[in-house]
$ cat target-v9.pdb   # PDB, C-alpha atoms
ATOM      1  CA  MET A 511      -9.484 102.123 -86.724  1.00  0.00           C
ATOM      2  CA  LYS A 512      -8.827 103.745 -90.052  1.00  0.00           C
ATOM      3  CA  MET A 513      -5.271 104.529 -91.164  1.00  0.00           C
ATOM      4  CA  LEU A 514      -4.722 107.990 -92.653  1.00  0.00           C
ATOM      5  CA  ARG A 515      -1.705 109.930 -93.879  1.00  0.00           C
ATOM      6  CA  PRO A 516      -2.139 113.712 -93.868  1.00  0.00           C
ATOM      7  CA  LYS A 517      -0.046 115.698 -96.322  1.00  0.00           C
ATOM      8  CA  HIS A 518       1.194 118.078 -93.604  1.00  0.00           C
ATOM      9  CA  ASP A 519       2.875 115.404 -91.491  1.00  0.00           C
ATOM     10  CA  LEU A 520       6.481 116.554 -91.805  1.00  0.00           C
ATOM     11  CA  LEU A 521       8.458 115.035 -88.963  1.00  0.00           C
ATOM     12  CA  TRP A 522       6.675 111.797 -88.180  1.00  0.00           C
ATOM     13  CA  THR A 523       7.422 110.330 -91.602  1.00  0.00           C
ATOM     14  CA  ASP A 524      11.103 111.264 -91.358  1.00  0.00           C
ATOM     15  CA  LEU A 525      11.745 109.990 -87.853  1.00  0.00           C
ATOM     16  CA  PHE A 526       9.257 107.181 -87.318  1.00  0.00           C
ATOM     17  CA  CYS A 527       8.976 105.451 -90.688  1.00  0.00           C
ATOM     18  CA  ASP A 528       5.448 106.479 -91.554  1.00  0.00           C
ATOM     19  CA  ALA A 529       3.767 104.792 -88.603  1.00  0.00           C
ATOM     20  CA  GLY A 530       0.391 106.137 -89.715  1.00  0.00           C
ATOM     21  CA  TYR A 531      -2.475 107.979 -88.099  1.00  0.00           C
ATOM     22  CA  PHE A 532      -5.235 106.525 -86.014  1.00  0.00           C
ATOM     23  CA  ARG A 533      -8.654 108.108 -85.830  1.00  0.00           C
ATOM     24  CA  SER A 534     -11.039 107.677 -82.952  1.00  0.00           C
ATOM     25  CA  GLY A 535     -14.373 109.429 -83.107  1.00  0.00           C
ATOM     26  CA  GLY A 536     -13.081 111.761 -85.828  1.00  0.00           C
ATOM     27  CA  VAL A 537     -10.181 113.089 -83.699  1.00  0.00           C
ATOM     28  CA  ILE A 538      -6.575 112.318 -84.567  1.00  0.00           C
ATOM     29  CA  VAL A 539      -5.012 110.846 -81.440  1.00  0.00           C
ATOM     30  CA  LYS A 540      -1.458 109.908 -82.487  1.00  0.00           C
ATOM     31  CA  TYR A 541       0.333 113.002 -81.196  1.00  0.00           C
ATOM     32  CA  LEU A 542      -2.019 113.344 -78.257  1.00  0.00           C
ATOM     33  CA  ALA A 543      -1.180 109.815 -77.110  1.00  0.00           C
ATOM     34  CA  LEU A 544       2.525 110.385 -77.788  1.00  0.00           C
ATOM     35  CA  TYR A 545       2.363 113.646 -75.821  1.00  0.00           C
ATOM     36  CA  VAL A 546       0.785 112.078 -72.725  1.00  0.00           C
ATOM     37  CA  LEU A 547       3.107 109.061 -72.971  1.00  0.00           C
ATOM     38  CA  SER A 548       6.146 111.354 -73.239  1.00  0.00           C
ATOM     39  CA  ILE A 549       5.072 113.221 -70.090  1.00  0.00           C
ATOM     40  CA  ILE A 550       4.742 109.940 -68.193  1.00  0.00           C
ATOM     41  CA  THR A 551       8.070 108.640 -69.503  1.00  0.00           C
ATOM     42  CA  VAL A 552      10.016 111.792 -68.644  1.00  0.00           C
ATOM     43  CA  ASN A 553       8.654 111.979 -65.110  1.00  0.00           C
ATOM     44  CA  TYR A 554       9.390 108.303 -64.538  1.00  0.00           C
ATOM     45  CA  ALA A 555      12.922 108.811 -65.899  1.00  0.00           C
ATOM     46  CA  PHE A 556      13.558 111.767 -63.551  1.00  0.00           C
ATOM     47  CA  GLU A 557      12.910 109.423 -60.635  1.00  0.00           C
ATOM     48  CA  ARG A 558      15.074 106.596 -61.999  1.00  0.00           C
ATOM     49  CA  VAL A 559      18.052 108.247 -63.755  1.00  0.00           C
ATOM     50  CA  PRO A 560      20.517 109.714 -61.271  1.00  0.00           C
ATOM     51  CA  PRO A 561      21.610 113.315 -61.841  1.00  0.00           C
ATOM     52  CA  LEU A 562      25.220 114.155 -62.648  1.00  0.00           C
ATOM     53  CA  VAL A 563      27.325 116.493 -60.541  1.00  0.00           C
ATOM     54  CA  LEU A 564      28.858 119.193 -62.741  1.00  0.00           C
ATOM     55  CA  PRO A 565      32.154 120.972 -62.104  1.00  0.00           C
ATOM     56  CA  GLY A 566      31.490 123.459 -59.350  1.00  0.00           C
ATOM     57  CA  GLY A 567      28.989 121.158 -57.639  1.00  0.00           C
ATOM     58  CA  ASP A 568      25.910 121.968 -59.707  1.00  0.00           C
ATOM     59  CA  ILE A 569      23.521 119.145 -60.537  1.00  0.00           C
ATOM     60  CA  TRP A 570      22.228 118.286 -64.028  1.00  0.00           C
ATOM     61  CA  SER A 571      19.936 115.475 -65.069  1.00  0.00           C
ATOM     62  CA  PRO A 572      20.611 113.832 -68.426  1.00  0.00           C
ATOM     63  CA  VAL A 573      16.844 113.367 -68.698  1.00  0.00           C
ATOM     64  CA  ALA A 574      16.725 117.087 -69.565  1.00  0.00           C
ATOM     65  CA  LEU A 575      17.899 116.079 -73.049  1.00  0.00           C
ATOM     66  CA  VAL A 576      14.567 114.329 -73.583  1.00  0.00           C
ATOM     67  CA  VAL A 577      12.339 116.923 -71.880  1.00  0.00           C
ATOM     68  CA  GLY A 578      12.726 119.355 -74.769  1.00  0.00           C
ATOM     69  CA  LEU A 579      11.031 116.862 -77.049  1.00  0.00           C
ATOM     70  CA  VAL A 580       7.916 116.945 -74.851  1.00  0.00           C
ATOM     71  CA  PHE A 581       7.502 120.618 -75.788  1.00  0.00           C
ATOM     72  CA  VAL A 582       7.829 119.762 -79.479  1.00  0.00           C
ATOM     73  CA  VAL A 583       5.401 116.838 -79.246  1.00  0.00           C
ATOM     74  CA  ARG A 584       2.897 119.216 -77.616  1.00  0.00           C
ATOM     75  CA  ASP A 585       3.264 121.516 -80.644  1.00  0.00           C
ATOM     76  CA  TYR A 586       2.462 118.588 -82.939  1.00  0.00           C
ATOM     77  CA  ALA A 587      -0.491 117.545 -80.766  1.00  0.00           C
ATOM     78  CA  GLN A 588      -1.824 121.111 -80.804  1.00  0.00           C
ATOM     79  CA  ARG A 589      -1.447 121.266 -84.580  1.00  0.00           C
ATOM     80  CA  GLU A 590      -3.574 118.121 -84.845  1.00  0.00           C
ATOM     81  CA  ILE A 591      -6.274 118.781 -82.233  1.00  0.00           C
ATOM     82  CA  GLY A 592      -6.063 122.525 -81.583  1.00  0.00           C
ATOM     83  CA  HIS A 593      -6.893 123.811 -78.132  1.00  0.00           C
ATOM     84  CA  ALA A 594      -8.159 120.395 -77.082  1.00  0.00           C
ATOM     85  CA  VAL A 595      -4.507 119.871 -76.140  1.00  0.00           C
ATOM     86  CA  LEU A 596      -5.157 121.813 -72.915  1.00  0.00           C
ATOM     87  CA  PRO A 597      -7.030 118.933 -71.193  1.00  0.00           C
ATOM     88  CA  ALA A 598      -4.161 116.637 -72.212  1.00  0.00           C
ATOM     89  CA  MET A 599      -1.772 119.042 -70.465  1.00  0.00           C
ATOM     90  CA  LEU A 600      -3.904 118.799 -67.314  1.00  0.00           C
ATOM     91  CA  PHE A 601      -4.040 115.016 -67.571  1.00  0.00           C
ATOM     92  CA  GLY A 602      -0.263 114.798 -68.052  1.00  0.00           C
ATOM     93  CA  GLY A 603       0.279 117.064 -65.059  1.00  0.00           C
ATOM     94  CA  ALA A 604      -2.031 114.944 -62.904  1.00  0.00           C
ATOM     95  CA  ILE A 605      -0.216 111.754 -63.859  1.00  0.00           C
ATOM     96  CA  SER A 606       3.103 113.454 -63.104  1.00  0.00           C
ATOM     97  CA  TRP A 607       1.950 113.982 -59.545  1.00  0.00           C
ATOM     98  CA  PHE A 608       1.805 110.215 -58.946  1.00  0.00           C
ATOM     99  CA  LEU A 609       5.151 109.343 -60.557  1.00  0.00           C
ATOM    100  CA  ALA A 610       7.588 111.223 -58.376  1.00  0.00           C
ATOM    101  CA  SER A 611       8.470 112.013 -54.785  1.00  0.00           C
ATOM    102  CA  PRO A 612       6.358 114.849 -53.324  1.00  0.00           C
ATOM    103  CA  ASN A 613       9.117 117.491 -53.699  1.00  0.00           C
ATOM    104  CA  VAL A 614       9.978 116.523 -57.276  1.00  0.00           C
ATOM    105  CA  ALA A 615       6.308 116.044 -58.145  1.00  0.00           C
ATOM    106  CA  LEU A 616       5.324 119.522 -57.002  1.00  0.00           C
ATOM    107  CA  ALA A 617       8.312 121.116 -58.753  1.00  0.00           C
ATOM    108  CA  SER A 618       7.627 119.087 -61.893  1.00  0.00           C
ATOM    109  CA  VAL A 619       3.917 119.873 -62.057  1.00  0.00           C
ATOM    110  CA  CYS A 620       4.432 123.611 -61.457  1.00  0.00           C
ATOM    111  CA  ALA A 621       7.287 123.784 -63.974  1.00  0.00           C
ATOM    112  CA  PHE A 622       5.305 121.739 -66.467  1.00  0.00           C
ATOM    113  CA  PHE A 623       2.274 124.015 -66.312  1.00  0.00           C
ATOM    114  CA  ALA A 624       4.301 127.237 -66.448  1.00  0.00           C
ATOM    115  CA  GLY A 625       6.501 126.099 -69.320  1.00  0.00           C
ATOM    116  CA  GLU A 626       3.843 124.271 -71.300  1.00  0.00           C
ATOM    117  CA  LEU A 627       1.315 127.102 -71.015  1.00  0.00           C
ATOM    118  CA  LEU A 628       3.895 129.581 -72.289  1.00  0.00           C
ATOM    119  CA  ASP A 629       4.817 127.152 -75.061  1.00  0.00           C
ATOM    120  CA  TRP A 630       1.123 126.778 -75.943  1.00  0.00           C
ATOM    121  CA  ALA A 631       0.550 130.558 -75.977  1.00  0.00           C
ATOM    122  CA  VAL A 632       3.565 131.318 -78.175  1.00  0.00           C
ATOM    123  CA  TYR A 633       2.663 128.496 -80.550  1.00  0.00           C
ATOM    124  CA  THR A 634      -0.962 129.661 -80.679  1.00  0.00           C
ATOM    125  CA  PHE A 635      -0.509 133.371 -81.192  1.00  0.00           C
ATOM    126  CA  THR A 636       2.597 133.765 -83.376  1.00  0.00           C
ATOM    127  CA  GLY A 637       1.109 132.783 -86.746  1.00  0.00           C
ATOM    128  CA  ARG A 638       4.537 131.896 -88.172  1.00  0.00           C
ATOM    129  CA  PRO A 639       5.360 128.739 -90.167  1.00  0.00           C
ATOM    130  CA  PHE A 640       5.234 125.555 -88.109  1.00  0.00           C
ATOM    131  CA  SER A 641       9.014 125.143 -87.856  1.00  0.00           C
ATOM    132  CA  GLN A 642       9.424 128.670 -86.478  1.00  0.00           C
ATOM    133  CA  ARG A 643       6.576 128.224 -83.995  1.00  0.00           C
ATOM    134  CA  VAL A 644       8.209 125.017 -82.701  1.00  0.00           C
ATOM    135  CA  LEU A 645      11.510 126.832 -82.172  1.00  0.00           C
ATOM    136  CA  LEU A 646      10.058 130.039 -80.686  1.00  0.00           C
ATOM    137  CA  SER A 647       7.632 128.313 -78.353  1.00  0.00           C
ATOM    138  CA  SER A 648      10.380 126.019 -77.056  1.00  0.00           C
ATOM    139  CA  ALA A 649      12.846 128.911 -76.692  1.00  0.00           C
ATOM    140  CA  ILE A 650      10.404 130.698 -74.396  1.00  0.00           C
ATOM    141  CA  GLY A 651       8.843 127.730 -72.589  1.00  0.00           C
ATOM    142  CA  THR A 652      11.929 125.665 -71.787  1.00  0.00           C
ATOM    143  CA  PRO A 653      13.868 128.259 -69.734  1.00  0.00           C
ATOM    144  CA  VAL A 654      10.769 128.987 -67.665  1.00  0.00           C
ATOM    145  CA  ASP A 655      10.159 125.276 -67.121  1.00  0.00           C
ATOM    146  CA  SER A 656      13.796 124.821 -66.076  1.00  0.00           C
ATOM    147  CA  ALA A 657      13.854 127.833 -63.740  1.00  0.00           C
ATOM    148  CA  VAL A 658      10.639 126.839 -61.964  1.00  0.00           C
ATOM    149  CA  PHE A 659      11.676 123.206 -61.588  1.00  0.00           C
ATOM    150  CA  LEU A 660      15.189 123.918 -60.341  1.00  0.00           C
ATOM    151  CA  SER A 661      13.997 126.615 -57.922  1.00  0.00           C
ATOM    152  CA  MET A 662      11.227 124.523 -56.409  1.00  0.00           C
ATOM    153  CA  ALA A 663      13.395 121.395 -56.192  1.00  0.00           C
ATOM    154  CA  GLY A 664      16.093 123.369 -54.354  1.00  0.00           C
ATOM    155  CA  LEU A 665      18.619 122.801 -57.158  1.00  0.00           C
ATOM    156  CA  PHE A 666      18.763 126.243 -58.756  1.00  0.00           C
ATOM    157  CA  SER A 667      22.038 127.698 -59.959  1.00  0.00           C
ATOM    158  CA  LEU A 668      22.715 129.733 -63.071  1.00  0.00           C
ATOM    159  CA  SER A 669      24.898 127.009 -64.597  1.00  0.00           C
ATOM    160  CA  SER A 670      22.243 124.339 -63.927  1.00  0.00           C
ATOM    161  CA  LEU A 671      19.596 126.582 -65.509  1.00  0.00           C
ATOM    162  CA  ILE A 672      21.764 127.135 -68.585  1.00  0.00           C
ATOM    163  CA  MET A 673      22.652 123.436 -68.944  1.00  0.00           C
ATOM    164  CA  MET A 674      19.072 122.290 -68.526  1.00  0.00           C
ATOM    165  CA  THR A 675      17.745 124.883 -70.977  1.00  0.00           C
ATOM    166  CA  ILE A 676      20.380 124.063 -73.597  1.00  0.00           C
ATOM    167  CA  SER A 677      19.633 120.347 -73.167  1.00  0.00           C
ATOM    168  CA  LYS A 678      15.921 120.917 -73.694  1.00  0.00           C
ATOM    169  CA  MET A 679      16.488 123.169 -76.710  1.00  0.00           C
ATOM    170  CA  ALA A 680      18.610 120.510 -78.432  1.00  0.00           C
ATOM    171  CA  GLY A 681      15.510 118.494 -79.316  1.00  0.00           C
ATOM    172  CA  ALA A 682      13.650 121.566 -80.539  1.00  0.00           C
ATOM    173  CA  LEU A 683      16.575 122.530 -82.767  1.00  0.00           C
ATOM    174  CA  VAL A 684      16.743 119.084 -84.360  1.00  0.00           C
ATOM    175  CA  VAL A 685      13.026 119.188 -85.114  1.00  0.00           C
ATOM    176  CA  PHE A 686      13.256 122.795 -86.352  1.00  0.00           C
ATOM    177  CA  PHE A 687      15.929 121.919 -88.929  1.00  0.00           C
ATOM    178  CA  ILE A 688      14.121 118.776 -90.121  1.00  0.00           C
ATOM    179  CA  VAL A 689      10.766 120.524 -90.463  1.00  0.00           C
ATOM    180  CA  ARG A 690      12.270 123.654 -92.003  1.00  0.00           C
ATOM    181  CA  ARG A 691      13.952 121.514 -94.641  1.00  0.00           C
ATOM    182  CA  ARG A 692      10.632 119.794 -95.372  1.00  0.00           C
ATOM    183  CA  GLU A 693       8.851 123.141 -95.558  1.00  0.00           C
ATOM    184  CA  GLY A 694      11.303 124.128 -98.289  1.00  0.00           C
ATOM    185  CA  VAL A 695      12.746 127.135 -96.437  1.00  0.00           C
ATOM    186  CA  SER A 696      16.392 127.799 -97.226  1.00  0.00           C
ATOM    187  CA  ALA A 697      18.922 128.535 -94.516  1.00  0.00           C
TER     188      ALA A 697
END

$ encode --input "target-v9.pdb" --output "structure tokens"
Amino acid sequence: MKMLRPKHDLLWTDLFCDAGYFRSGGVIVKYLALYVLSIITVNYAFERVPPLVLPGGDIWSPVALVVGLVFVVRDYAQREIGHAVLPAMLFGGAISWFLASPNVALASVCAFFAGELLDWAVYTFTGRPFSQRVLLSSAIGTPVDSAVFLSMAGLFSLSSLIMMTISKMAGALVVFFIVRRREGVSA
């Protein structure tokens, strides 16, 4: 495997100490592998980390804090491999099916496809700088993902939807500010 370092790699260098790129058959696979691994990790965590009961009786999973990063990693994977990210989305969804109870699995897979496809479409068709596409695509995809998941899992309430969406957007906001700074855009 040959190590490469593209000039447009803005976040990876900042957060992961220049881990490098790996090429396989001419396709960069770093973000693709990270994307699929993040899907597996999040679904496993949803089964293992107990949800918290919020004031008023609503339920919130702390794993939602990490889910927002899956949307951002998909943006990076799409930037590297283009629309070839779609089969990775299917693969991640299929793996999700085997990692959770049937009710959570169905809710997770449906939410994943709805949210990720919206995220993909916004990222693909906006034509804005990368940092803005990360933020916009997450802002549209994460509430849909949350609403579908909570509804199908029988956990929907407005406060749970708001908490889960805010949790997911936290990761996108961190990445947005880091990448925007690296792009040289002032506040």

$ closest_residue --input "target-v9.pdb" --among "A:Leu609, A:Ala680, A:Leu668, A:Ala649" --to "Val552 (chain A)" --atoms "only C-alpha atoms"
A:Leu609

$ resolve_selection --input "target-v9.pdb" --expression "the PyMOL selection byres ((chain A and resi 675) around 9)" --output "PyMOL selection string"
chain A and resi 574+578+649+652-657+670-674+676-680

$ residues_around --input "target-v9.pdb" --residues "Thr634 (chain A)" --least-positions-apart "3" --cutoff "12 Å" --atoms "only C-alpha atoms" --output "NGL selection string"
:A and (584-586 or 588-589 or 592-593 or 595-596 or 626-631 or 637-640 or 642-644 or 646-647)

$ closest_residue --input "target-v9.pdb" --among "A:Pro612, A:Ala543, A:Phe635, A:Gly625" --to "Ala663 (chain A)" --atoms "all atoms listed in the file"
A:Pro612

$ residues_around --input "target-v9.pdb" --residues "Val583 (chain A)" --least-positions-apart "3" --cutoff "8 Å" --atoms "all atoms listed in the file" --output "MDAnalysis selection string"
chainID A and resid 541 544:545 579:580 586:587

$ closest_residue --input "target-v9.pdb" --among "A:Leu562, A:Asn553, A:Ala594, A:Phe608" --to "Val577 (chain A)" --atoms "only C-alpha atoms"
A:Asn553

$ closest_residue --input "target-v9.pdb" --among "A:Leu542, A:Cys620, A:Val632, A:Ala682" --to "Ile650 (chain A)" --atoms "all atoms listed in the file"
A:Val632

$ closest_residue --input "target-v9.pdb" --among "A:Ser548, A:Ser667, A:Ser571, A:Ser641" --to "Met599 (chain A)" --atoms "all atoms listed in the file"
A:Ser548

$ axis_aligned_box --input "target-v9.pdb" --around "region 632-638 of chain A" --padding-each-side "6 Å" --output "lines of an AutoDock Vina configuration file"
center_x = 1.8
center_y = 131.1
center_z = -83.2
size_x = 17.5
size_y = 17.3
size_z = 22.0

$ closest_residue --input "target-v9.pdb" --among "A:Leu645, A:Val689, A:Ile550, A:Val539" --to "Phe581 (chain A)" --atoms "all atoms listed in the file"
A:Leu645

$ atom_distance --input "target-v9.pdb" --atom1 "CA of Ala615 (chain A)" --atom2 "CA of Tyr633 (chain A)"
25.9 Å

$ atom_distance --input "target-v9.pdb" --atom1 "CA of Ala555 (chain A)" --atom2 "CA of Asp568 (chain A)"
19.5 Å

$ resolve_selection --input "target-v9.pdb" --expression "the PyMOL selection byres ((chain A and resi 664) around 12)" --output "list in words"
Asp568, Ile569, Asn613, Val614, Leu616, Ala617, Ala657, Val658, Phe659, Leu660, Ser661, Met662, Ala663, Leu665, Phe666, Ser667 and Ser670 of chain A

$ atom_distance --input "target-v9.pdb" --atom1 "CA of Trp570 (chain A)" --atom2 "CA of Phe622 (chain A)"
17.4 Å
